[in-house]
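Heads up, the thing below is written out as structure tokens.
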There are 2 protein chains.
Amino acid sequence: MTSPIDAARRPRRDALENRAGILAAAHVALAHDPRASIDAIARQAGLSRRALYGHFDDRDALVRELVEQGATRFNAVADSIDDADARVALARLAAALWNEAAHVQVLAAIALDEAHLEETATALAPLRRTVVRIVRDGQDADVLRTDVAAPTLARLIEETARTVITRIDASSPAARDLAVRAVLSIAGLSWRQADALLAAHPEILATPKAASA
Amino acid sequence: MTSPIDAARRPRRDALENRAGILAAAHVALAHDPRASIDAIARQAGLSRRALYGHFDDRDALVRELVEQGATRFNAVADSIDDADARVALARLAAALWNEAAHVQVLAAIALDEAHLEETATALAPLRRTVVRIVRDGQDADVLRTDVAAPTLARLIEETARTVITRIDASSPAARDLAVRAVLSIAGLSWRQADALLAAHPEILATPKAASA
DNA sequence: TTTAAGTTGCACACAACTGTGCAACTTACG
DNA sequence: CGTAAGTTGCACAGTTGTGTGCAACTTAAA
């Protein structure tokens, strides 16, 4: 006499897969165009628009979940940076974020959409704090530019990274190299200084898989 | 016996003013949001939506005129740069564009809208050619970074300028300073080198009005 | 095999926006 | 002043998008 209330069936496995499929599709679609329609996302996931509403209350709920998903990865990356040298820390942060490029692109795209400023700001807060801390340390140690106030420089670095990631090429190994060098440049290093730094720390640009050369 | 065909009245003066008003309103509105509605633009200009269609065939015609308007100014700026030193040329170009910031912002915003990629590409072509030329010269003379291919570096410089202009603060004198320094940084100079360069060429950052100190 | 979870396609209502037609009004200009 | 240019507000058709209700179906799980 199992009542229908406390003994509800477990959600079907294919339903869970479909839900993940929607998130993946939204990932691709929104990175390309943050205003992609629900219908486009559902089709991309191989589902009907109607079915999507069985998994998410509305468009906002879907976007919110994407943002939170990305935020988790972001915080993990930010926490993993512990270099004493601010220049190295910045380079490593940029390189590490590039490895999450697929996720970064959605966040970066959504972050530019006025409709979700608050959510993305909250999600990006830990990362932003990390950048500000690195910048402050670097300025105190006189290894980063001091002609720009720390908050402004942090912002500039963030925008530079976003720009390179979202607007230059995509996912080529050369692009990753470029992103790291662009960040170091905007942080105040000359291109030769950046080059020397990266030569001294080859692991920063090493392929994630074959890190143990 | 003046026929109604060859002796049509001149357009009314207030109509011309209204047309200019619409362009000005579109300027403001589209810089803020490239997808601002016709209604929002017309209201901002103090006209009804219906009246706007008396001046422009459709939304595209309005946008096209804005783009052409900006293109003219852009070409003039690009043509005015003739410094032998590529670093100085870049700095001067960035500073000169900043003086057109109000116009730059619309173009930059529209340029990010997929619907008008072609028009803006055409409008920006001369400016882009100028940047590529400066970059090539600078690399040949070994005063700009050579670890990035000329077209890529030119693109990077353009994106950096766009980012600073559209996403950092706005219209403060400090922002202009920042834009120039950001461009020089991304071009490969260390912040101290950029600082020295600007100190050696104070006229670059001089206020446009009081250029004769 | 039974059952309910999940999906589908359709029909709605709703919202925001574009572009046009038209009658009535106001106003600059000859 | 008279006239036509310009404006206004409204109605209308068309587009694209969101979110819901519902009957009919497929299918995973008990």
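Residues in the structure tokens are named by chain (A, B, ... in the order shown) and by number from 1 within that chain; ligands are numbered from 1 in the order shown.
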
Check your understanding: Given a cut-off of 9 Å, which residues of chain A touch chain C, counting only C-alpha atoms (C1' of nucleotides), written out as JSON, numbers by chain?
Key -> {"A": [9, 11, 12, 14, 15, 47, 48, 50, 51, 54]}

File dump, residues just selected, C-alpha atoms, as an mmCIF file, in the first residue's frame:
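For reference, again29.cif as written:
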```cif
data_model
loop_
_atom_site.group_PDB
_atom_site.id
_atom_site.type_symbol
_atom_site.label_atom_id
_atom_site.label_comp_id
_atom_site.auth_asym_id
_atom_site.auth_seq_id
_atom_site.Cartn_x
_atom_site.Cartn_y
_atom_site.Cartn_z
ATOM 1 C CA ARG A 9 9.084 6.584 -9.110
ATOM 2 C CA PRO A 11 13.071 9.949 -12.672
ATOM 3 C CA ARG A 12 13.782 7.991 -15.824
ATOM 4 C CA ASP A 14 16.736 8.973 -20.421
ATOM 5 C CA ALA A 15 15.054 12.005 -18.912
ATOM 6 C CA LEU A 47 13.939 17.559 -28.268
ATOM 7 C CA SER A 48 10.823 19.588 -28.865
ATOM 8 C CA ARG A 50 7.555 21.679 -25.321
ATOM 9 C CA ALA A 51 9.675 18.971 -23.719
ATOM 10 C CA GLY A 54 9.398 19.747 -18.564
#
```

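All of the residues in chain A within 12 Å of chain D are A:Ala7, A:Ala8, A:Arg9, A:Arg10, A:Pro11, A:Arg12, A:Arg13, A:Asp14, A:Ala15, A:Leu16, A:Arg35, A:Ala36, A:Ser37, A:Ile38, A:Asp39, A:Ala40, A:Arg49, A:Arg50, A:Leu52, A:Tyr53, A:Gly54, A:Phe56, A:Asp57, A:Asp58, A:Arg59, A:Asp60, where only C-alpha atoms (C1' of nucleotides) were counted.
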
Closest pair table for chain A residues within 9 Å of chain B, only C-alpha atoms, as CSV:
```
residue,atom,partner,partner_atom,distance
A:Leu144,CA,B:Trp191,CA,8.7
A:Arg145,CA,B:Trp191,CA,6.1
A:Thr146,CA,B:Trp191,CA,8.5
A:Asp147,CA,B:Trp191,CA,7.8
A:Val148,CA,B:Leu178,CA,7.9
A:Thr152,CA,B:Ile168,CA,8.6
A:Arg155,CA,B:Ile168,CA,8.2
A:Leu156,CA,B:Val164,CA,7.7
A:Glu159,CA,B:Thr163,CA,7.0
A:Thr160,CA,B:Thr160,CA,6.8
A:Thr163,CA,B:Glu159,CA,7.0
A:Val164,CA,B:Leu156,CA,7.7
A:Arg167,CA,B:Glu159,CA,8.0
A:Ile168,CA,B:Leu156,CA,7.9
A:Leu178,CA,B:Val148,CA,7.9
A:Arg181,CA,B:Ile186,CA,8.8
A:Ala182,CA,B:Ile186,CA,6.2
A:Val183,CA,B:Ile186,CA,8.5
A:Leu184,CA,B:Ile186,CA,8.8
A:Ser185,CA,B:Ser185,CA,5.4
A:Ile186,CA,B:Ser185,CA,5.4
A:Ala187,CA,B:Ser185,CA,8.0
A:Gly188,CA,B:Trp191,CA,4.7
A:Leu189,CA,B:Ser190,CA,4.6
A:Ser190,CA,B:Ser190,CA,3.8
A:Trp191,CA,B:Gly188,CA,4.7
A:Arg192,CA,B:Gly188,CA,7.9
A:Gln193,CA,B:Ser190,CA,8.2
A:Asp195,CA,B:Asp147,CA,8.5
```

Selection above as a file: N, CA and C atoms, as a compact mmCIF listing (two decimals), in the first residue's frame:
```
# COMPACT_ATOMS: atom_id res chain seq x y z
N LEU A 144 54.18 44.41 -11.52
CA LEU A 144 53.10 44.75 -12.46
C LEU A 144 53.01 46.26 -12.54
N ARG A 145 52.38 46.76 -13.57
CA ARG A 145 52.29 48.21 -13.79
C ARG A 145 51.62 48.91 -12.59
N THR A 146 52.11 50.08 -12.28
CA THR A 146 51.53 50.84 -11.16
C THR A 146 50.95 52.16 -11.62
N ASP A 147 50.86 52.33 -12.95
CA ASP A 147 50.28 53.57 -13.45
C ASP A 147 48.76 53.48 -13.54
N VAL A 148 48.22 52.32 -13.20
CA VAL A 148 46.77 52.13 -13.22
C VAL A 148 46.36 51.54 -11.87
N THR A 152 41.02 49.00 -11.46
CA THR A 152 40.94 49.27 -12.90
C THR A 152 41.77 48.27 -13.69
N ARG A 155 40.09 44.96 -13.80
CA ARG A 155 38.99 45.02 -14.77
C ARG A 155 39.53 44.90 -16.19
N LEU A 156 40.59 45.64 -16.45
CA LEU A 156 41.20 45.67 -17.78
C LEU A 156 41.69 44.27 -18.16
N GLU A 159 38.67 42.09 -18.95
CA GLU A 159 38.08 42.42 -20.26
C GLU A 159 38.99 41.95 -21.40
N THR A 160 40.27 42.06 -21.19
CA THR A 160 41.21 41.60 -22.23
C THR A 160 41.07 40.10 -22.43
N THR A 163 37.84 39.36 -24.16
CA THR A 163 37.91 39.74 -25.57
C THR A 163 38.64 38.70 -26.40
N VAL A 164 39.80 38.29 -25.93
CA VAL A 164 40.58 37.32 -26.68
C VAL A 164 39.81 36.00 -26.80
N ARG A 167 36.41 36.72 -28.98
CA ARG A 167 36.41 37.38 -30.28
C ARG A 167 37.58 37.01 -31.19
N ILE A 168 38.58 36.33 -30.66
CA ILE A 168 39.68 35.92 -31.53
C ILE A 168 39.57 34.43 -31.79
N LEU A 178 48.20 33.14 -27.29
CA LEU A 178 47.90 34.56 -27.48
C LEU A 178 47.19 35.16 -26.28
N ARG A 181 49.64 35.76 -23.45
CA ARG A 181 50.54 36.88 -23.74
C ARG A 181 49.81 38.22 -23.70
N ALA A 182 48.58 38.23 -24.14
CA ALA A 182 47.80 39.47 -24.12
C ALA A 182 47.58 39.94 -22.69
N VAL A 183 47.28 39.00 -21.81
CA VAL A 183 47.06 39.34 -20.41
C VAL A 183 48.34 39.91 -19.79
N LEU A 184 49.46 39.26 -20.06
CA LEU A 184 50.72 39.74 -19.50
C LEU A 184 51.06 41.13 -20.05
N SER A 185 50.77 41.34 -21.31
CA SER A 185 51.03 42.65 -21.92
C SER A 185 50.22 43.74 -21.24
N ILE A 186 48.94 43.48 -21.10
CA ILE A 186 48.06 44.49 -20.52
C ILE A 186 48.42 44.73 -19.07
N ALA A 187 49.05 43.73 -18.45
CA ALA A 187 49.45 43.87 -17.05
C ALA A 187 50.72 44.71 -16.91
N GLY A 188 51.34 45.02 -18.05
CA GLY A 188 52.48 45.93 -18.00
C GLY A 188 53.80 45.40 -18.53
N LEU A 189 53.86 44.10 -18.78
CA LEU A 189 55.12 43.54 -19.26
C LEU A 189 55.33 43.87 -20.74
N SER A 190 56.58 44.01 -21.14
CA SER A 190 56.88 44.11 -22.57
C SER A 190 56.74 42.71 -23.14
N TRP A 191 56.63 42.63 -24.47
CA TRP A 191 56.41 41.30 -25.04
C TRP A 191 57.61 40.40 -24.84
N ARG A 192 58.81 41.00 -24.76
CA ARG A 192 60.00 40.18 -24.53
C ARG A 192 60.05 39.68 -23.08
N GLN A 193 59.60 40.51 -22.17
CA GLN A 193 59.52 40.08 -20.77
C GLN A 193 58.53 38.93 -20.63
N ASP A 195 57.67 36.90 -22.96
CA ASP A 195 58.27 35.75 -23.64
C ASP A 195 59.27 35.04 -22.72
```

Exercise for review: If you run DSSP over the backbone, which residues in chain A end up alpha helix (DSSP H)? Put them as an MDAnalysis selection string.
Suggested key: chainID A and resid 13:32 38:44 49:52 59:79 86:99 101:111 117:140 150:167 173:186 191:200

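With distances restricted to only C-alpha atoms, B:Ile157 is the closest residue to Leu90 (chain B) from B:Ala206, B:Ile157, B:Val106, B:Val67.
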
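Nearest to Thr120 (chain B) of all the residues B:Arg136, B:Arg87, B:Arg64, B:Arg92 is B:Arg64, counting only C-alpha atoms.
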
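By chain and then residue number, the residues within 8 Å of region 137-143 of chain B are Asp85, Ala86, Arg87 and Ala150 of chain B, counting only C-alpha atoms (C1' of nucleotides) and disregarding those fewer than 6 positions away in sequence.
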
Revision key, fill the gap. The distance between CA of Ala24 (chain A) and CA of Ala45 (chain A) is 7.6 Å

Exercise for review: Write out as number ranges by chain which residues come within 9 Å of Leu97 (chain A) when counting only C-alpha atoms (C1' of nucleotides), dropping same-chain ones fewer than 6 positions away.
Suggested key: A: 74, 77-78, 103-104
